[in-house]
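K.L.:
Mind having a look at this structure? Questions to follow.
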Amino acid sequence: MNTQAITFSNIAWENAGILYFSENFDQNKKYPTIVTMHPIGSCKEQTAGNVYGKALAEAGFVVLAFDASFQGESGGVPRYIENPYQRTDDVRYAVDYLINLPYVDEERIGILGVCGGGAYALNIAMTERRIKAVVSITGVNFGRLLRDGFAGESPMEVLDNVAQQRSSEAKGGDLLTINMLPDSVEAGKQSGIEDIDVLEATDYYKTSRGQTPGGATSAVYSRMGIGMGWDAFHLCETLLTQPILVVVGDKPGGFGAYRDGFEVVRRAASEKKELLIVKGYSHYDLYDQPEPVRQALERAIPFFKENL
């Protein structure tokens with residue numbers, strides 16, 4: 001498996017990405033190609049790239065894993081904005097870049113996302129018709145997650161606090177960047193956190209298991225109102241028609257991927273739609289643990305081969 005660091009143009013900045021190729025890649029041939037979207041607070045070097053991107057490339061696809069705008073090595077300021085509209089729009093610019101590569105078959109482009117990236121992938125496919133097939137790995141609807149209390153307090157309390165903070169920053173006050181996770185699993189437990197998703201997220205992002213410089217797990221608080229009013233599955237009954245494969249573990253946690261998976265498969269207009277439940281595993285097991293990842297890829301790879 002070979003890789004190449006690249007950049008592609010966005011509205012007014014560059015996004016950083018990694019192209020993955022199989023060992024027998026021939027630049028004179030055309031290949032089905034997959035864009036991978038990283039989780040919220042993550043980066044291209046983590047699960048979407050070094051686990052799923054790598055495996056898909058080894059299976060014969062060209063893969064582009066990239067950093068979201070304002071995150072990782074991509075451009076955009078201030079840093080650490082989690083804007084669902086920009087996150088999904090990033091994909092359009094990624095596809096613009098890919099269709100100009102001579103070895104990419106522009107009629108066979110798919111997308112795979114993990115966690116928040118999984119729901120983003122389903123959402124962008126509704127209006128980006130150059131995407132022909134979607135795989136969501138333990139996808140989480142970021143707007144629903146915020147409204148369910150991930151940002152703290154009730155939705156209206158958060159929005160009032162966000163408005164106050166943004167006004168303060170507009171008048172020259174300091175930017176407030178929050179860390180979405182405790183500093184360690186032990187610190188989380190000591191503060192009373194019991195949710196499996198938060199504790200396992202901390203284990204992934206705050207230890208050598210998955211910790212990477214680009215995976216900051218941070219967010220600019222004054223921009224969180226954008227996500228509060230967003231819904232990954234809005235209009236999916238009408239606009240989401242591509243084949244979809246949604247993979248979830250059956251050990252549900254507070255991030256809600258299990259319920260989101262059932263919801264989008266039930267609602268999507270896609271004629272080909274499948275929900276794969278990986279039994280005995282959790283949200284973060286599907287990031288990097290060998291057995292659940294094997295089960296996910298065992299279905300995802302033939303799914304892309306069938307539909308691209």
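Every chain in the structure tokens takes a letter, A first, then B, and so on in the order presented; its residues are numbered from 1, and the ligands are numbered from 1 following the presented order.
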Could you pull out all residues of range 81-176 of chain A with a DSSP call of strand (DSSP E or B) and give them as a VMD selection string?

P.N.:
chain A and resid 104 to 114 131 to 137

K.L.:
Could the residues in this selection be written to a file with N, CA, C and O atoms, as a PDB file, in the first residue's frame?

P.N.:
ATOM      1  N   VAL A 104      -8.638   8.282 -11.746  1.00  0.00           N
ATOM      2  CA  VAL A 104      -9.913   8.198 -11.021  1.00  0.00           C
ATOM      3  C   VAL A 104     -11.054   8.060 -12.015  1.00  0.00           C
ATOM      4  O   VAL A 104     -11.183   8.869 -12.947  1.00  0.00           O
ATOM      5  N   ASP A 105     -11.876   7.052 -11.830  1.00  0.00           N
ATOM      6  CA  ASP A 105     -13.078   6.884 -12.635  1.00  0.00           C
ATOM      7  C   ASP A 105     -14.175   7.739 -12.006  1.00  0.00           C
ATOM      8  O   ASP A 105     -14.725   7.384 -10.965  1.00  0.00           O
ATOM      9  N   GLU A 106     -14.484   8.878 -12.612  1.00  0.00           N
ATOM     10  CA  GLU A 106     -15.415   9.815 -11.988  1.00  0.00           C
ATOM     11  C   GLU A 106     -16.847   9.311 -11.922  1.00  0.00           C
ATOM     12  O   GLU A 106     -17.687   9.892 -11.234  1.00  0.00           O
ATOM     13  N   GLU A 107     -17.141   8.226 -12.620  1.00  0.00           N
ATOM     14  CA  GLU A 107     -18.468   7.624 -12.538  1.00  0.00           C
ATOM     15  C   GLU A 107     -18.555   6.592 -11.410  1.00  0.00           C
ATOM     16  O   GLU A 107     -19.618   6.011 -11.196  1.00  0.00           O
ATOM     17  N   ARG A 108     -17.436   6.365 -10.718  1.00  0.00           N
ATOM     18  CA  ARG A 108     -17.416   5.364  -9.642  1.00  0.00           C
ATOM     19  C   ARG A 108     -16.741   5.945  -8.400  1.00  0.00           C
ATOM     20  O   ARG A 108     -15.665   5.522  -8.004  1.00  0.00           O
ATOM     21  N   ILE A 109     -17.378   6.951  -7.831  1.00  0.00           N
ATOM     22  CA  ILE A 109     -16.871   7.582  -6.612  1.00  0.00           C
ATOM     23  C   ILE A 109     -17.833   7.287  -5.468  1.00  0.00           C
ATOM     24  O   ILE A 109     -19.041   7.507  -5.570  1.00  0.00           O
ATOM     25  N   GLY A 110     -17.302   6.766  -4.375  1.00  0.00           N
ATOM     26  CA  GLY A 110     -18.090   6.478  -3.186  1.00  0.00           C
ATOM     27  C   GLY A 110     -17.568   7.269  -2.005  1.00  0.00           C
ATOM     28  O   GLY A 110     -16.569   7.989  -2.101  1.00  0.00           O
ATOM     29  N   ILE A 111     -18.240   7.137  -0.881  1.00  0.00           N
ATOM     30  CA  ILE A 111     -17.813   7.842   0.328  1.00  0.00           C
ATOM     31  C   ILE A 111     -18.038   6.948   1.534  1.00  0.00           C
ATOM     32  O   ILE A 111     -19.028   6.205   1.597  1.00  0.00           O
ATOM     33  N   LEU A 112     -17.099   7.018   2.472  1.00  0.00           N
ATOM     34  CA  LEU A 112     -17.202   6.317   3.755  1.00  0.00           C
ATOM     35  C   LEU A 112     -16.862   7.311   4.850  1.00  0.00           C
ATOM     36  O   LEU A 112     -15.882   8.048   4.746  1.00  0.00           O
ATOM     37  N   GLY A 113     -17.689   7.335   5.896  1.00  0.00           N
ATOM     38  CA  GLY A 113     -17.409   8.200   7.031  1.00  0.00           C
ATOM     39  C   GLY A 113     -17.506   7.430   8.325  1.00  0.00           C
ATOM     40  O   GLY A 113     -18.215   6.421   8.417  1.00  0.00           O
ATOM     41  N   VAL A 114     -16.792   7.919   9.340  1.00  0.00           N
ATOM     42  CA  VAL A 114     -16.789   7.288  10.660  1.00  0.00           C
ATOM     43  C   VAL A 114     -17.315   8.288  11.689  1.00  0.00           C
ATOM     44  O   VAL A 114     -16.942   9.461  11.683  1.00  0.00           O
ATOM     45  N   ILE A 131     -21.462  11.284  -6.014  1.00  0.00           N
ATOM     46  CA  ILE A 131     -21.252  10.179  -5.078  1.00  0.00           C
ATOM     47  C   ILE A 131     -22.268   9.091  -5.379  1.00  0.00           C
ATOM     48  O   ILE A 131     -23.471   9.332  -5.370  1.00  0.00           O
ATOM     49  N   LYS A 132     -21.775   7.880  -5.620  1.00  0.00           N
ATOM     50  CA  LYS A 132     -22.645   6.791  -6.089  1.00  0.00           C
ATOM     51  C   LYS A 132     -22.993   5.766  -5.016  1.00  0.00           C
ATOM     52  O   LYS A 132     -23.914   4.971  -5.218  1.00  0.00           O
ATOM     53  N   ALA A 133     -22.275   5.740  -3.909  1.00  0.00           N
ATOM     54  CA  ALA A 133     -22.554   4.766  -2.847  1.00  0.00           C
ATOM     55  C   ALA A 133     -21.975   5.290  -1.537  1.00  0.00           C
ATOM     56  O   ALA A 133     -20.952   5.994  -1.535  1.00  0.00           O
ATOM     57  N   VAL A 134     -22.632   4.942  -0.422  1.00  0.00           N
ATOM     58  CA  VAL A 134     -22.253   5.486   0.885  1.00  0.00           C
ATOM     59  C   VAL A 134     -22.134   4.368   1.913  1.00  0.00           C
ATOM     60  O   VAL A 134     -23.029   3.525   2.030  1.00  0.00           O
ATOM     61  N   VAL A 135     -21.046   4.406   2.691  1.00  0.00           N
ATOM     62  CA  VAL A 135     -20.910   3.550   3.869  1.00  0.00           C
ATOM     63  C   VAL A 135     -20.749   4.450   5.089  1.00  0.00           C
ATOM     64  O   VAL A 135     -19.878   5.324   5.112  1.00  0.00           O
ATOM     65  N   SER A 136     -21.597   4.235   6.077  1.00  0.00           N
ATOM     66  CA  SER A 136     -21.508   4.958   7.342  1.00  0.00           C
ATOM     67  C   SER A 136     -21.075   3.979   8.423  1.00  0.00           C
ATOM     68  O   SER A 136     -21.765   2.994   8.690  1.00  0.00           O
ATOM     69  N   ILE A 137     -19.926   4.251   9.033  1.00  0.00           N
ATOM     70  CA  ILE A 137     -19.415   3.420  10.116  1.00  0.00           C
ATOM     71  C   ILE A 137     -19.746   4.104  11.439  1.00  0.00           C
ATOM     72  O   ILE A 137     -19.254   5.184  11.723  1.00  0.00           O
TER      73      ILE A 137
END

K.L.:
Excluding same-chain residues fewer than 4 positions from Ala232 in chain A, what lies within 6 Å of it counting only C-alpha atoms, as a list in words?

P.N.:
Ala119, Asn123 and Asn141 of chain A

K.L.:
Work out how far apart CA of Phe304 in chain A and CA of Ala57 in chain A are and give it in Å to one decimal.

P.N.:
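For CA of Phe304 in chain A relative to CA of Ala57 in chain A, the distance reads 11.9 Å.
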
K.L.:
Determine, for each residue of range 267-292 of chain A having at least one atom at most 12 Å from an atom of range 53-56 of chain A, the closest pair of atoms and their separation in Å to one decimal, counting only C-alpha atoms; order by chain and ascending number, as a Markdown table.

P.N.:
| residue | atom | partner | partner_atom | distance |
| --- | --- | --- | --- | --- |
| A:Tyr287 | CA | A:Gly53 | CA | 11.8 |
| A:Asp288 | CA | A:Ala55 | CA | 11.6 |
| A:Pro290 | CA | A:Ala55 | CA | 11.7 |

K.L.:
Could you check how far CA of Asp160 in chain A sits from CA of Thr202 in chain A, in Å to one decimal?

P.N.:
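Those two atoms sit 28.1 Å apart.
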
K.L.:
Grab the CA of Ile40 in chain A to CA of Val91 in chain A distance for me, in Å with one decimal place.

P.N.:
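Spanning CA of Ile40 in chain A to CA of Val91 in chain A is a straight-line distance of 15.0 Å.
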